[in-house]
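A.B. asks: Once you've had a glance at the structure underneath, I'll fire off some questions.
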Amino acid sequence: MKTIIKYVLIDLLKNRTILIYTLVLAVLTISVTGMSDNMSKGMLSLLNITLLFVPIISILFATIYFFNSAEFTELLLAQPIRRKSMLLASYTGIATALGLAYLAGVGVTVCILYNSLAAIALVVGGVLLTLIFSALALLIFVVFKDKTRGIGAAIITALFFTLLFDGLLLAFIYSFSDYPIDEPLLAFISLNPVDLARILVLLQLDAAVMMGYSGALFKKFMGSATGSIYTAVCMLCWMVIPLILAVRVFRKKDI
Amino acid sequence: MIRIHHLTKSFKKFRALDDINLQLERGQAVSLLGPNGSGKTTLIKSILGLVIPEKGSIHINGQEIRSHWSYRSKIGYMPQIGRYPENMTIRQVLAMLREVRKDCRQYDEELIRQFDLPAIDHKLMRNLSGGTRQKVSACLAFLFSPDILILDEPTAGLDPLASEILKDKIARERANGKLVLITSHVLSDLEDITSHVVYLQEGKLICFKTVDELKESTGQHQLNKVIAAMMQTHLHENNY
């Protein structure tokens with residue numbers, strides 16, 4: 001398993017898309033931090049960049065990579081290797097590569113410049129989002145046989161969580177506004193990893209106004225510490241559950 | 001060595017393999033023939049455990065394959081299309097497979113030398129031609145001197161020289177008492193290296209005979225004519 005992770009990383013760290021992704025993140029981070037005079041503003045812009053780029057790039061790149069290496073996966077599975085180890089090793093490789101790209105592009109600058117709890121929350125949130133959307137990509141890879149459909153599903157998944165979900169949330173709040181929906185709303189938000197990442201960072205920033213309804217709720221119900229732990233745990237579930245499902249489907253898949 | 005018992009596999013409504021029974025032994029070089037979509041690749045993949053059978057069983061050296069994955073250390077597989085991670089060099093691919101197969105210490109590097117791979121092993125996989133990639137696949141299949149060799153269209157895309165080298169190698173391994181299973185559309189390529197022919201059509205096993213038996217029963221001397229004669233009789237049977 002270690003061998004496969006090692007060679008996936010060797011392959012990916014020379015990959016042009018990964019290098020450009022790192023570079024774009026670095027340029028954006030440096031320009032944003034240079035432009036904004038106070039930390040909160042800078043953090044918020046970086047948060048928006050993270051929430052916009054990380055999910056879609058992670059899921060698209062990982063899906064395409066998994067489908068492109070399908071033939072090599074087949075060759076490796078003809079060796080005496082367990083299917084589970086093979087699948088988890090290629091996931092670990094790709095998630096590590098994308099995670100490192102995020103750390104190098106955003107993490108380093110932010111931690112040096114701001115060096116606060118909020119900065120750490122942002123980096124943790126970004127890395128978790130990378131891990132989650134790579135895991136979703138893995139699930140898409142094992143469920144779909146066809147590369148084109150797989151990529152379509154990846155785009156739809158990313159758009160659903162970054163754009164559509166907020167619409168649904170608003171509709172939910174609007175139509176049940178006569179009822180006490182605070183607690184159901186908390187559960188509802190846990191269904192979207194992108195919102196969870198947003199709240200994870202906002203809980204560390206004193207920008208209650210920016211948090212919107214859901215963020216304020218989190219702060220009111222759980223306070224910063226419990227809220228942060230809750231969101232982080234939810235995000236870990238978002239990573240682990242797709243992985244378990246992917247391994248299960250893959251065990252019985254015809255390759 | 002390989003015993004296949006009532007093997008059946010469907011993809012949705014399509015019957016890819018229909019109640020296949022086969023027994024293959026050491027020292028045989030078996031050609032797997034049949035029109036496109038007749039189930040050749042599915043059969044190979046079932047033996048490799050890549051396709052999970054619906055019914056029936058496969059035993060390798062008396063061991064049922066479903067419950068074990070370690071049997072694959074005895075098999076060398078050369079896939080139809082060899083695609084490798086783009087940014088890895090030939091040397092890295094070979095090194096990776098060696099590390100994956102830590103159980104094997106004895107390497108058979110004859111093909112690597114004959115194909116002259118060390119001279120180009122710093123090249124990235126994405127810059128290689130289809131034929132060179134095919135050579136890498138062939139080297140990987142033979143590298144761990146497995147008892148069973150499964151080659152899916154081995155000579156497709158190879159130049160005549162490389163193709164001869166590969167065929168010689170196949171013949172030598174067979175003489176060493178290994179079981180070789182080959183699919184190919186280029187029948188003239190298989191002429192001098194096969195001992196048995198398995199003919200599949202629409203997922204059914206039509207015949208499993210030695211080449212000599214076939215030549216006798218059809219009255220033809222060249223393998224491609226034998227097969228053509230056989231295909232024709234089966235077409236007729238289907239039409240009437």
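Ordered as shown in the structure tokens, chains take letters A, B, and onward, while each chain numbers its residues from 1 and ligands are numbered from 1 in the order shown.
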Per residue of chain B within 9 Å of chain A, which atom pair is closest and at what distance in Å (one decimal), using only C-alpha atoms, listed by chain and increasing number, as JSON lines?
C.D. replies:
{"residue": "B:Lys45", "atom": "CA", "partner": "A:Ile255", "partner_atom": "CA", "distance": 8.0}
{"residue": "B:Leu48", "atom": "CA", "partner": "A:Ala78", "partner_atom": "CA", "distance": 5.9}
{"residue": "B:Gly49", "atom": "CA", "partner": "A:Ala78", "partner_atom": "CA", "distance": 7.5}
{"residue": "B:Leu50", "atom": "CA", "partner": "A:Ile255", "partner_atom": "CA", "distance": 5.4}
{"residue": "B:Val51", "atom": "CA", "partner": "A:Asp254", "partner_atom": "CA", "distance": 4.4}
{"residue": "B:Ile52", "atom": "CA", "partner": "A:Asp254", "partner_atom": "CA", "distance": 6.0}
{"residue": "B:Trp69", "atom": "CA", "partner": "A:Pro80", "partner_atom": "CA", "distance": 5.8}
{"residue": "B:Ser70", "atom": "CA", "partner": "A:Pro80", "partner_atom": "CA", "distance": 5.1}
{"residue": "B:Tyr71", "atom": "CA", "partner": "A:Pro80", "partner_atom": "CA", "distance": 7.0}
{"residue": "B:Arg72", "atom": "CA", "partner": "A:Pro80", "partner_atom": "CA", "distance": 4.9}
{"residue": "B:Ser73", "atom": "CA", "partner": "A:Pro80", "partner_atom": "CA", "distance": 5.3}
{"residue": "B:Lys74", "atom": "CA", "partner": "A:Pro80", "partner_atom": "CA", "distance": 8.8}
{"residue": "B:Ile75", "atom": "CA", "partner": "A:Gln79", "partner_atom": "CA", "distance": 7.8}
{"residue": "B:Gly76", "atom": "CA", "partner": "A:Ala78", "partner_atom": "CA", "distance": 8.0}
{"residue": "B:Tyr77", "atom": "CA", "partner": "A:Ala78", "partner_atom": "CA", "distance": 6.7}
{"residue": "B:Met78", "atom": "CA", "partner": "A:Leu75", "partner_atom": "CA", "distance": 7.9}
{"residue": "B:Pro79", "atom": "CA", "partner": "A:Leu75", "partner_atom": "CA", "distance": 7.1}
{"residue": "B:Ile81", "atom": "CA", "partner": "A:Glu71", "partner_atom": "CA", "distance": 7.3}
{"residue": "B:Gly82", "atom": "CA", "partner": "A:Glu71", "partner_atom": "CA", "distance": 6.7}
{"residue": "B:Arg83", "atom": "CA", "partner": "A:Glu71", "partner_atom": "CA", "distance": 5.7}
{"residue": "B:Tyr84", "atom": "CA", "partner": "A:Phe72", "partner_atom": "CA", "distance": 5.4}
{"residue": "B:Pro85", "atom": "CA", "partner": "A:Asp11", "partner_atom": "CA", "distance": 6.5}
{"residue": "B:Glu86", "atom": "CA", "partner": "A:Asp11", "partner_atom": "CA", "distance": 7.0}
{"residue": "B:Asn87", "atom": "CA", "partner": "A:Asp11", "partner_atom": "CA", "distance": 4.9}
{"residue": "B:Met88", "atom": "CA", "partner": "A:Asp11", "partner_atom": "CA", "distance": 5.6}
{"residue": "B:Gln92", "atom": "CA", "partner": "A:Tyr7", "partner_atom": "CA", "distance": 8.0}
{"residue": "B:Val93", "atom": "CA", "partner": "A:Tyr7", "partner_atom": "CA", "distance": 8.5}
{"residue": "B:Met96", "atom": "CA", "partner": "A:Thr3", "partner_atom": "CA", "distance": 6.9}
{"residue": "B:Leu97", "atom": "CA", "partner": "A:Leu76", "partner_atom": "CA", "distance": 8.1}
{"residue": "B:Glu99", "atom": "CA", "partner": "A:Thr3", "partner_atom": "CA", "distance": 6.5}
{"residue": "B:Val100", "atom": "CA", "partner": "A:Thr3", "partner_atom": "CA", "distance": 6.4}
{"residue": "B:Arg101", "atom": "CA", "partner": "A:Gln79", "partner_atom": "CA", "distance": 7.5}
A.B. asks: Atoms to include: C-alpha atoms. Write the selected residues as an mmCIF file, in the first residue's frame.
C.D. replies:
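result.cif, written as the output of this step:
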data_model
loop_
_atom_site.group_PDB
_atom_site.id
_atom_site.type_symbol
_atom_site.label_atom_id
_atom_site.label_comp_id
_atom_site.auth_asym_id
_atom_site.auth_seq_id
_atom_site.Cartn_x
_atom_site.Cartn_y
_atom_site.Cartn_z
ATOM 1 C CA LYS B 45 -10.633 -11.153 -16.457
ATOM 2 C CA LEU B 48 -7.652 -12.792 -12.907
ATOM 3 C CA GLY B 49 -10.424 -12.058 -10.443
ATOM 4 C CA LEU B 50 -11.154 -8.703 -12.064
ATOM 5 C CA VAL B 51 -14.619 -9.797 -13.128
ATOM 6 C CA ILE B 52 -16.657 -11.494 -10.469
ATOM 7 C CA TRP B 69 -6.113 -13.113 -3.741
ATOM 8 C CA SER B 70 -2.587 -14.438 -3.318
ATOM 9 C CA TYR B 71 -3.015 -16.880 -6.228
ATOM 10 C CA ARG B 72 -2.392 -13.922 -8.524
ATOM 11 C CA SER B 73 1.313 -14.074 -7.692
ATOM 12 C CA LYS B 74 1.413 -17.073 -10.025
ATOM 13 C CA ILE B 75 -0.060 -15.153 -12.952
ATOM 14 C CA GLY B 76 1.593 -12.730 -15.324
ATOM 15 C CA TYR B 77 -0.900 -10.519 -17.139
ATOM 16 C CA MET B 78 -0.407 -8.394 -20.199
ATOM 17 C CA PRO B 79 -3.473 -6.221 -20.827
ATOM 18 C CA ILE B 81 -4.315 -1.571 -23.699
ATOM 19 C CA GLY B 82 -1.375 -0.587 -21.552
ATOM 20 C CA ARG B 83 -1.839 2.845 -20.022
ATOM 21 C CA TYR B 84 0.466 4.005 -17.296
ATOM 22 C CA PRO B 85 0.744 7.048 -15.046
ATOM 23 C CA GLU B 86 1.828 9.840 -17.366
ATOM 24 C CA ASN B 87 4.630 11.342 -15.352
ATOM 25 C CA MET B 88 6.417 8.162 -14.436
ATOM 26 C CA GLN B 92 9.913 3.948 -12.164
ATOM 27 C CA VAL B 93 7.130 1.726 -13.489
ATOM 28 C CA MET B 96 7.103 0.144 -8.684
ATOM 29 C CA LEU B 97 5.950 -3.286 -9.819
ATOM 30 C CA GLU B 99 8.169 -3.141 -4.929
ATOM 31 C CA VAL B 100 4.543 -4.216 -5.175
ATOM 32 C CA ARG B 101 5.706 -7.790 -5.721
#
A.B. asks: Can you list, as a PyMOL selection string, all residues belonging to stretch 93-159 of chain B that DSSP tags as alpha helix (DSSP H)?
C.D. replies: chain B and resi 93-100+110-114+130-143
A.B. asks: Write out, as an mmCIF file, in the first residue's frame, the residues just selected, with N, CA and C atoms.
C.D. replies:
data_model
loop_
_atom_site.group_PDB
_atom_site.id
_atom_site.type_symbol
_atom_site.label_atom_id
_atom_site.label_comp_id
_atom_site.auth_asym_id
_atom_site.auth_seq_id
_atom_site.Cartn_x
_atom_site.Cartn_y
_atom_site.Cartn_z
ATOM 1 N N VAL B 93 8.213 2.711 -13.395
ATOM 2 C CA VAL B 93 7.130 1.726 -13.489
ATOM 3 C C VAL B 93 7.663 0.342 -13.131
ATOM 4 N N LEU B 94 8.827 -0.008 -13.686
ATOM 5 C CA LEU B 94 9.402 -1.322 -13.381
ATOM 6 C C LEU B 94 9.727 -1.436 -11.889
ATOM 7 N N ALA B 95 10.293 -0.345 -11.337
ATOM 8 C CA ALA B 95 10.656 -0.371 -9.916
ATOM 9 C C ALA B 95 9.404 -0.501 -9.050
ATOM 10 N N MET B 96 8.339 0.188 -9.464
ATOM 11 C CA MET B 96 7.103 0.144 -8.684
ATOM 12 C C MET B 96 6.547 -1.276 -8.615
ATOM 13 N N LEU B 97 6.495 -1.931 -9.801
ATOM 14 C CA LEU B 97 5.950 -3.286 -9.819
ATOM 15 C C LEU B 97 6.825 -4.214 -8.974
ATOM 16 N N ARG B 98 8.141 -4.000 -9.022
ATOM 17 C CA ARG B 98 9.024 -4.837 -8.195
ATOM 18 C C ARG B 98 8.732 -4.636 -6.726
ATOM 19 N N GLU B 99 8.461 -3.393 -6.343
ATOM 20 C CA GLU B 99 8.169 -3.141 -4.929
ATOM 21 C C GLU B 99 6.816 -3.710 -4.529
ATOM 22 N N VAL B 100 5.860 -3.643 -5.472
ATOM 23 C CA VAL B 100 4.543 -4.216 -5.175
ATOM 24 C C VAL B 100 4.670 -5.730 -4.982
ATOM 25 N N GLU B 110 15.019 -11.027 -19.180
ATOM 26 C CA GLU B 110 15.434 -11.320 -20.551
ATOM 27 C C GLU B 110 14.774 -10.389 -21.568
ATOM 28 N N LEU B 111 13.432 -10.247 -21.423
ATOM 29 C CA LEU B 111 12.709 -9.413 -22.392
ATOM 30 C C LEU B 111 13.147 -7.954 -22.305
ATOM 31 N N ILE B 112 13.397 -7.483 -21.082
ATOM 32 C CA ILE B 112 13.818 -6.090 -20.918
ATOM 33 C C ILE B 112 15.095 -5.847 -21.712
ATOM 34 N N ARG B 113 16.015 -6.807 -21.628
ATOM 35 C CA ARG B 113 17.270 -6.676 -22.387
ATOM 36 C C ARG B 113 17.020 -6.766 -23.884
ATOM 37 N N GLN B 114 16.200 -7.760 -24.266
ATOM 38 C CA GLN B 114 16.008 -7.963 -25.704
ATOM 39 C C GLN B 114 15.280 -6.782 -26.368
ATOM 40 N N GLY B 130 2.615 3.714 -28.726
ATOM 41 C CA GLY B 130 1.791 2.579 -28.300
ATOM 42 C C GLY B 130 2.599 1.289 -28.260
ATOM 43 N N GLY B 131 3.457 1.117 -29.256
ATOM 44 C CA GLY B 131 4.254 -0.104 -29.327
ATOM 45 C C GLY B 131 5.224 -0.235 -28.167
ATOM 46 N N THR B 132 5.856 0.873 -27.810
ATOM 47 C CA THR B 132 6.814 0.822 -26.697
ATOM 48 C C THR B 132 6.098 0.517 -25.392
ATOM 49 N N ARG B 133 4.919 1.103 -25.246
ATOM 50 C CA ARG B 133 4.139 0.813 -24.042
ATOM 51 C C ARG B 133 3.783 -0.675 -23.983
ATOM 52 N N GLN B 134 3.468 -1.202 -25.159
ATOM 53 C CA GLN B 134 3.150 -2.622 -25.245
ATOM 54 C C GLN B 134 4.354 -3.461 -24.805
ATOM 55 N N LYS B 135 5.553 -2.999 -25.185
ATOM 56 C CA LYS B 135 6.768 -3.712 -24.775
ATOM 57 C C LYS B 135 6.903 -3.698 -23.256
ATOM 58 N N VAL B 136 6.623 -2.531 -22.662
ATOM 59 C CA VAL B 136 6.704 -2.448 -21.202
ATOM 60 C C VAL B 136 5.726 -3.438 -20.570
ATOM 61 N N SER B 137 4.498 -3.477 -21.122
ATOM 62 C CA SER B 137 3.499 -4.407 -20.584
ATOM 63 C C SER B 137 4.008 -5.841 -20.667
ATOM 64 N N ALA B 138 4.618 -6.189 -21.808
ATOM 65 C CA ALA B 138 5.108 -7.553 -21.980
ATOM 66 C C ALA B 138 6.188 -7.860 -20.952
ATOM 67 N N CYS B 139 7.108 -6.915 -20.763
ATOM 68 C CA CYS B 139 8.183 -7.122 -19.788
ATOM 69 C C CYS B 139 7.613 -7.351 -18.395
ATOM 70 N N LEU B 140 6.587 -6.570 -18.046
ATOM 71 C CA LEU B 140 5.992 -6.700 -16.714
ATOM 72 C C LEU B 140 5.336 -8.063 -16.538
ATOM 73 N N ALA B 141 4.717 -8.571 -17.622
ATOM 74 C CA ALA B 141 4.036 -9.860 -17.512
ATOM 75 C C ALA B 141 5.039 -10.981 -17.240
ATOM 76 N N PHE B 142 6.222 -10.887 -17.851
ATOM 77 C CA PHE B 142 7.192 -11.966 -17.705
ATOM 78 C C PHE B 142 8.135 -11.759 -16.518
ATOM 79 N N LEU B 143 8.153 -10.558 -15.957
ATOM 80 C CA LEU B 143 9.196 -10.171 -15.000
ATOM 81 C C LEU B 143 9.322 -11.100 -13.791
#
A.B. asks: In Å to one decimal, how far is atom CA of B:Glu216 from atom CA of B:Met230?
C.D. replies: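 That distance, rounded to one decimal, is 12.2 Å.
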A.B. asks: Would you work out the distance separating atom CA of A:Ser40 from atom CA of A:Ala95, expressed in Å to one decimal?
C.D. replies: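 Separating atom CA of A:Ser40 from atom CA of A:Ala95 is a distance of 28.9 Å.
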A.B. asks: Could you check which of B:Leu17, B:Leu187, B:Leu24, B:Ile206 is closest to B:Lys40, using only C-alpha atoms?
C.D. replies: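 Closest to B:Lys40, using only C-alpha atoms: B:Leu17.
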A.B. asks: Give me the residues near A:Met239 as a ChimeraX atom specification, where near means some atom within 9 Å (using only C-alpha atoms) and where sequence neighbours in that chain fewer than 6 positions away do not count.
C.D. replies: /A:128-129,131-136
A.B. asks: With C-alpha atoms kept, could you save the residues just selected as a PDB file, in the first residue's frame?
C.D. replies:
ATOM      1  CA  LEU A 128     -10.725  18.822   4.971  1.00  0.00           C
ATOM      2  CA  LEU A 129     -12.657  20.039   1.934  1.00  0.00           C
ATOM      3  CA  LEU A 131     -10.114  15.252   1.483  1.00  0.00           C
ATOM      4  CA  ILE A 132     -13.926  15.219   1.333  1.00  0.00           C
ATOM      5  CA  PHE A 133     -14.230  16.052  -2.342  1.00  0.00           C
ATOM      6  CA  SER A 134     -11.489  13.602  -3.301  1.00  0.00           C
ATOM      7  CA  ALA A 135     -13.419  10.936  -1.400  1.00  0.00           C
ATOM      8  CA  LEU A 136     -16.588  11.875  -3.283  1.00  0.00           C
TER       9      LEU A 136
END
A.B. asks: Hey, can you check how far atom CA of A:Arg248 sits from atom CA of B:Glu54?
C.D. replies: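 Calculated distance between atom CA of A:Arg248 and atom CA of B:Glu54 is 17.7 Å.
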A.B. asks: So which bits of stretch 17-217 of chain B end up strand (DSSP E or B) when you DSSP the backbone, as a VMD selection string?
C.D. replies: chain B and resid 17 to 24 29 to 33 55 to 60 63 to 64 75 to 78 89 124 148 to 152 179 to 183 196 to 201 204 to 210
A.B. asks: Restricted to N, CA and C atoms, what would the selected residues look like written as a tab-separated table (two decimals), in the first residue's frame?
C.D. replies:
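The result, written out as again_24.tsv:
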chain	number	residue	atom	x	y	z
B	17	LEU	N	-20.58	-14.71	-20.75
B	17	LEU	CA	-20.06	-16.07	-20.66
B	17	LEU	C	-21.22	-16.98	-20.27
B	18	ASP	N	-21.33	-18.10	-20.97
B	18	ASP	CA	-22.48	-18.95	-20.77
B	18	ASP	C	-22.02	-20.38	-20.47
B	19	ASP	N	-22.00	-20.71	-19.19
B	19	ASP	CA	-21.72	-22.09	-18.78
B	19	ASP	C	-20.45	-22.66	-19.41
B	20	ILE	N	-19.33	-22.03	-19.09
B	20	ILE	CA	-18.05	-22.46	-19.66
B	20	ILE	C	-17.40	-23.52	-18.76
B	21	ASN	N	-16.98	-24.62	-19.37
B	21	ASN	CA	-16.21	-25.63	-18.65
B	21	ASN	C	-14.89	-25.83	-19.37
B	22	LEU	N	-13.80	-25.73	-18.63
B	22	LEU	CA	-12.49	-25.83	-19.27
B	22	LEU	C	-11.50	-26.38	-18.27
B	23	GLN	N	-10.54	-27.12	-18.78
B	23	GLN	CA	-9.44	-27.56	-17.91
B	23	GLN	C	-8.14	-27.36	-18.67
B	24	LEU	N	-7.30	-26.47	-18.15
B	24	LEU	CA	-6.05	-26.16	-18.83
B	24	LEU	C	-4.88	-26.66	-17.99
B	29	ALA	N	-0.10	-24.11	-24.67
B	29	ALA	CA	-0.22	-22.73	-25.12
B	29	ALA	C	-1.59	-22.64	-25.77
B	30	VAL	N	-2.49	-22.00	-25.08
B	30	VAL	CA	-3.89	-22.02	-25.50
B	30	VAL	C	-4.23	-20.70	-26.19
B	31	SER	N	-4.75	-20.79	-27.40
B	31	SER	CA	-5.24	-19.60	-28.09
B	31	SER	C	-6.72	-19.45	-27.82
B	32	LEU	N	-7.07	-18.25	-27.39
B	32	LEU	CA	-8.47	-17.98	-27.12
B	32	LEU	C	-8.99	-17.20	-28.31
B	33	LEU	N	-9.87	-17.83	-29.10
B	33	LEU	CA	-10.32	-17.18	-30.32
B	33	LEU	C	-11.81	-16.96	-30.29
B	55	LYS	N	-22.12	-17.30	-11.68
B	55	LYS	CA	-22.27	-18.70	-11.27
B	55	LYS	C	-21.00	-19.43	-11.63
B	56	GLY	N	-20.80	-20.57	-11.03
B	56	GLY	CA	-19.66	-21.39	-11.38
B	56	GLY	C	-18.43	-21.02	-10.58
B	57	SER	N	-17.35	-21.76	-10.83
B	57	SER	CA	-16.15	-21.52	-10.04
B	57	SER	C	-14.90	-21.67	-10.89
B	58	ILE	N	-13.83	-21.07	-10.40
B	58	ILE	CA	-12.54	-21.22	-11.05
B	58	ILE	C	-11.54	-21.69	-10.00
B	59	HIS	N	-10.84	-22.76	-10.30
B	59	HIS	CA	-9.80	-23.24	-9.40
B	59	HIS	C	-8.46	-23.10	-10.07
B	60	ILE	N	-7.49	-22.59	-9.34
B	60	ILE	CA	-6.13	-22.53	-9.86
B	60	ILE	C	-5.25	-23.33	-8.93
B	63	GLN	N	-7.05	-24.48	-5.97
B	63	GLN	CA	-7.52	-23.51	-4.97
B	63	GLN	C	-8.61	-22.64	-5.60
B	64	GLU	N	-9.73	-22.59	-4.94
B	64	GLU	CA	-10.82	-21.73	-5.42
B	64	GLU	C	-10.38	-20.27	-5.33
B	75	ILE	N	0.40	-15.54	-11.62
B	75	ILE	CA	-0.06	-15.15	-12.95
B	75	ILE	C	0.65	-13.90	-13.44
B	76	GLY	N	1.09	-13.94	-14.68
B	76	GLY	CA	1.59	-12.73	-15.32
B	76	GLY	C	0.57	-12.27	-16.34
B	77	TYR	N	0.19	-11.00	-16.28
B	77	TYR	CA	-0.90	-10.52	-17.14
B	77	TYR	C	-0.42	-9.38	-18.01
B	78	MET	N	-0.71	-9.49	-19.28
B	78	MET	CA	-0.41	-8.39	-20.20
B	78	MET	C	-1.73	-7.91	-20.77
B	89	THR	N	8.58	7.43	-15.29
B	89	THR	CA	9.46	6.92	-16.33
B	89	THR	C	9.33	5.40	-16.38
B	124	LEU	N	9.48	9.44	-20.13
B	124	LEU	CA	8.19	9.46	-19.44
B	124	LEU	C	7.19	8.61	-20.21
B	148	ILE	N	1.71	-19.06	-14.86
B	148	ILE	CA	0.64	-18.89	-15.85
B	148	ILE	C	0.81	-17.52	-16.50
B	149	LEU	N	0.78	-17.49	-17.82
B	149	LEU	CA	0.90	-16.21	-18.51
B	149	LEU	C	-0.40	-15.95	-19.24
B	150	ILE	N	-0.96	-14.78	-19.02
B	150	ILE	CA	-2.20	-14.43	-19.70
B	150	ILE	C	-1.93	-13.20	-20.56
B	151	LEU	N	-2.00	-13.36	-21.86
B	151	LEU	CA	-1.62	-12.28	-22.76
B	151	LEU	C	-2.81	-11.90	-23.63
B	152	ASP	N	-3.27	-10.68	-23.46
B	152	ASP	CA	-4.43	-10.21	-24.22
B	152	ASP	C	-3.93	-9.40	-25.41
B	179	LEU	N	1.96	-22.49	-18.42
B	179	LEU	CA	0.71	-22.42	-19.17
B	179	LEU	C	0.58	-21.02	-19.76
B	180	VAL	N	0.38	-20.94	-21.07
B	180	VAL	CA	0.25	-19.64	-21.71
B	180	VAL	C	-1.15	-19.54	-22.33
B	181	LEU	N	-1.81	-18.45	-22.03
B	181	LEU	CA	-3.16	-18.22	-22.55
B	181	LEU	C	-3.12	-16.94	-23.37
B	182	ILE	N	-3.42	-17.05	-24.67
B	182	ILE	CA	-3.27	-15.88	-25.54
B	182	ILE	C	-4.57	-15.60	-26.29
B	183	THR	N	-4.93	-14.33	-26.38
B	183	THR	CA	-5.97	-13.98	-27.34
B	183	THR	C	-5.30	-13.15	-28.41
B	196	HIS	N	-3.19	-25.55	-28.32
B	196	HIS	CA	-4.64	-25.78	-28.21
B	196	HIS	C	-5.40	-24.54	-28.66
B	197	VAL	N	-6.62	-24.78	-29.09
B	197	VAL	CA	-7.48	-23.66	-29.48
B	197	VAL	C	-8.78	-23.73	-28.68
B	198	VAL	N	-9.13	-22.59	-28.08
B	198	VAL	CA	-10.44	-22.47	-27.46
B	198	VAL	C	-11.23	-21.51	-28.32
B	199	TYR	N	-12.39	-21.93	-28.78
B	199	TYR	CA	-13.17	-21.04	-29.63
B	199	TYR	C	-14.47	-20.67	-28.92
B	200	LEU	N	-14.64	-19.37	-28.74
B	200	LEU	CA	-15.85	-18.88	-28.06
B	200	LEU	C	-16.73	-18.16	-29.07
B	201	GLN	N	-18.03	-18.31	-28.90
B	201	GLN	CA	-18.95	-17.50	-29.69
B	201	GLN	C	-20.18	-17.17	-28.87
B	204	LYS	N	-20.45	-18.71	-25.53
B	204	LYS	CA	-20.47	-20.17	-25.38
B	204	LYS	C	-19.15	-20.76	-25.86
B	205	LEU	N	-18.77	-21.86	-25.21
B	205	LEU	CA	-17.56	-22.56	-25.63
B	205	LEU	C	-17.93	-23.47	-26.79
B	206	ILE	N	-17.43	-23.14	-27.99
B	206	ILE	CA	-17.78	-23.94	-29.16
B	206	ILE	C	-16.84	-25.14	-29.26
B	207	CYS	N	-15.54	-24.92	-29.08
B	207	CYS	CA	-14.67	-26.08	-29.10
B	207	CYS	C	-13.41	-25.83	-28.30
B	208	PHE	N	-12.82	-26.91	-27.80
B	208	PHE	CA	-11.53	-26.87	-27.13
B	208	PHE	C	-10.76	-28.09	-27.62
B	209	LYS	N	-9.86	-27.86	-28.59
B	209	LYS	CA	-9.17	-28.99	-29.21
B	209	LYS	C	-7.72	-28.62	-29.42
B	210	THR	N	-6.90	-29.64	-29.66
B	210	THR	CA	-5.52	-29.34	-30.04
B	210	THR	C	-5.52	-28.91	-31.49
A.B. asks: Compile the contact shell of B:Val226 as a VMD selection string: residues with an atom at most 10 Å away, counting only C-alpha atoms, same-chain residues fewer than 3 positions apart removed.
C.D. replies: chain B and resid 211 214 to 223 229 to 232
A.B. asks: Can those selected residues be exported to a file as a short mmCIF file (atom, residue, chain, number, x, y, z; two decimals), in the first residue's frame so that it contains N, CA and C atoms?
C.D. replies:
data_model
loop_
_atom_site.label_atom_id
_atom_site.label_comp_id
_atom_site.auth_asym_id
_atom_site.auth_seq_id
_atom_site.Cartn_x
_atom_site.Cartn_y
_atom_site.Cartn_z
N VAL B 211 -4.46 -28.20 -31.87
CA VAL B 211 -4.38 -27.69 -33.22
C VAL B 211 -4.40 -28.84 -34.24
N LEU B 214 -7.82 -30.20 -34.85
CA LEU B 214 -8.61 -29.27 -35.65
C LEU B 214 -8.25 -29.37 -37.12
N LYS B 215 -6.94 -29.42 -37.37
CA LYS B 215 -6.50 -29.49 -38.75
C LYS B 215 -7.05 -30.74 -39.42
N GLU B 216 -7.08 -31.82 -38.65
CA GLU B 216 -7.60 -33.07 -39.20
C GLU B 216 -9.09 -32.96 -39.50
N SER B 217 -9.83 -32.43 -38.54
CA SER B 217 -11.29 -32.44 -38.70
C SER B 217 -11.74 -31.46 -39.77
N THR B 218 -11.00 -30.37 -39.99
CA THR B 218 -11.45 -29.44 -41.03
C THR B 218 -10.73 -29.68 -42.35
N GLY B 219 -9.66 -30.46 -42.34
CA GLY B 219 -8.95 -30.74 -43.58
C GLY B 219 -8.12 -29.57 -44.08
N GLN B 220 -7.90 -28.55 -43.22
CA GLN B 220 -7.07 -27.41 -43.62
C GLN B 220 -5.72 -27.49 -42.90
N HIS B 221 -4.74 -26.81 -43.46
CA HIS B 221 -3.41 -26.90 -42.84
C HIS B 221 -2.98 -25.64 -42.14
N GLN B 222 -3.52 -24.52 -42.57
CA GLN B 222 -3.12 -23.28 -41.90
C GLN B 222 -4.15 -22.90 -40.86
N LEU B 223 -3.65 -22.37 -39.77
CA LEU B 223 -4.54 -22.07 -38.65
C LEU B 223 -5.65 -21.10 -39.05
N ALA B 229 -12.83 -21.86 -41.55
CA ALA B 229 -13.73 -22.98 -41.84
C ALA B 229 -14.68 -23.20 -40.66
N MET B 230 -14.11 -23.10 -39.45
CA MET B 230 -14.92 -23.34 -38.27
C MET B 230 -15.99 -22.25 -38.11
N MET B 231 -15.56 -20.99 -38.32
CA MET B 231 -16.51 -19.89 -38.18
C MET B 231 -17.65 -20.05 -39.17
N GLN B 232 -17.30 -20.48 -40.37
CA GLN B 232 -18.33 -20.60 -41.39
C GLN B 232 -19.35 -21.67 -41.02
#
A.B. asks: Could you check the closest approach to A:Thr231 for each of A:Ser190, A:Gln204, A:Thr96, A:Thr50 and tell me which residue wins, using only C-alpha atoms?
C.D. replies: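 Under the stated criterion, the closest residue is A:Ser190.
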A.B. asks: As a ChimeraX atom specification, please: the residues near A:Ile151 (cut-off 8 Å, only C-alpha atoms, same-chain neighbours under 4 positions excluded).
C.D. replies: /A:60,63-64,147,155
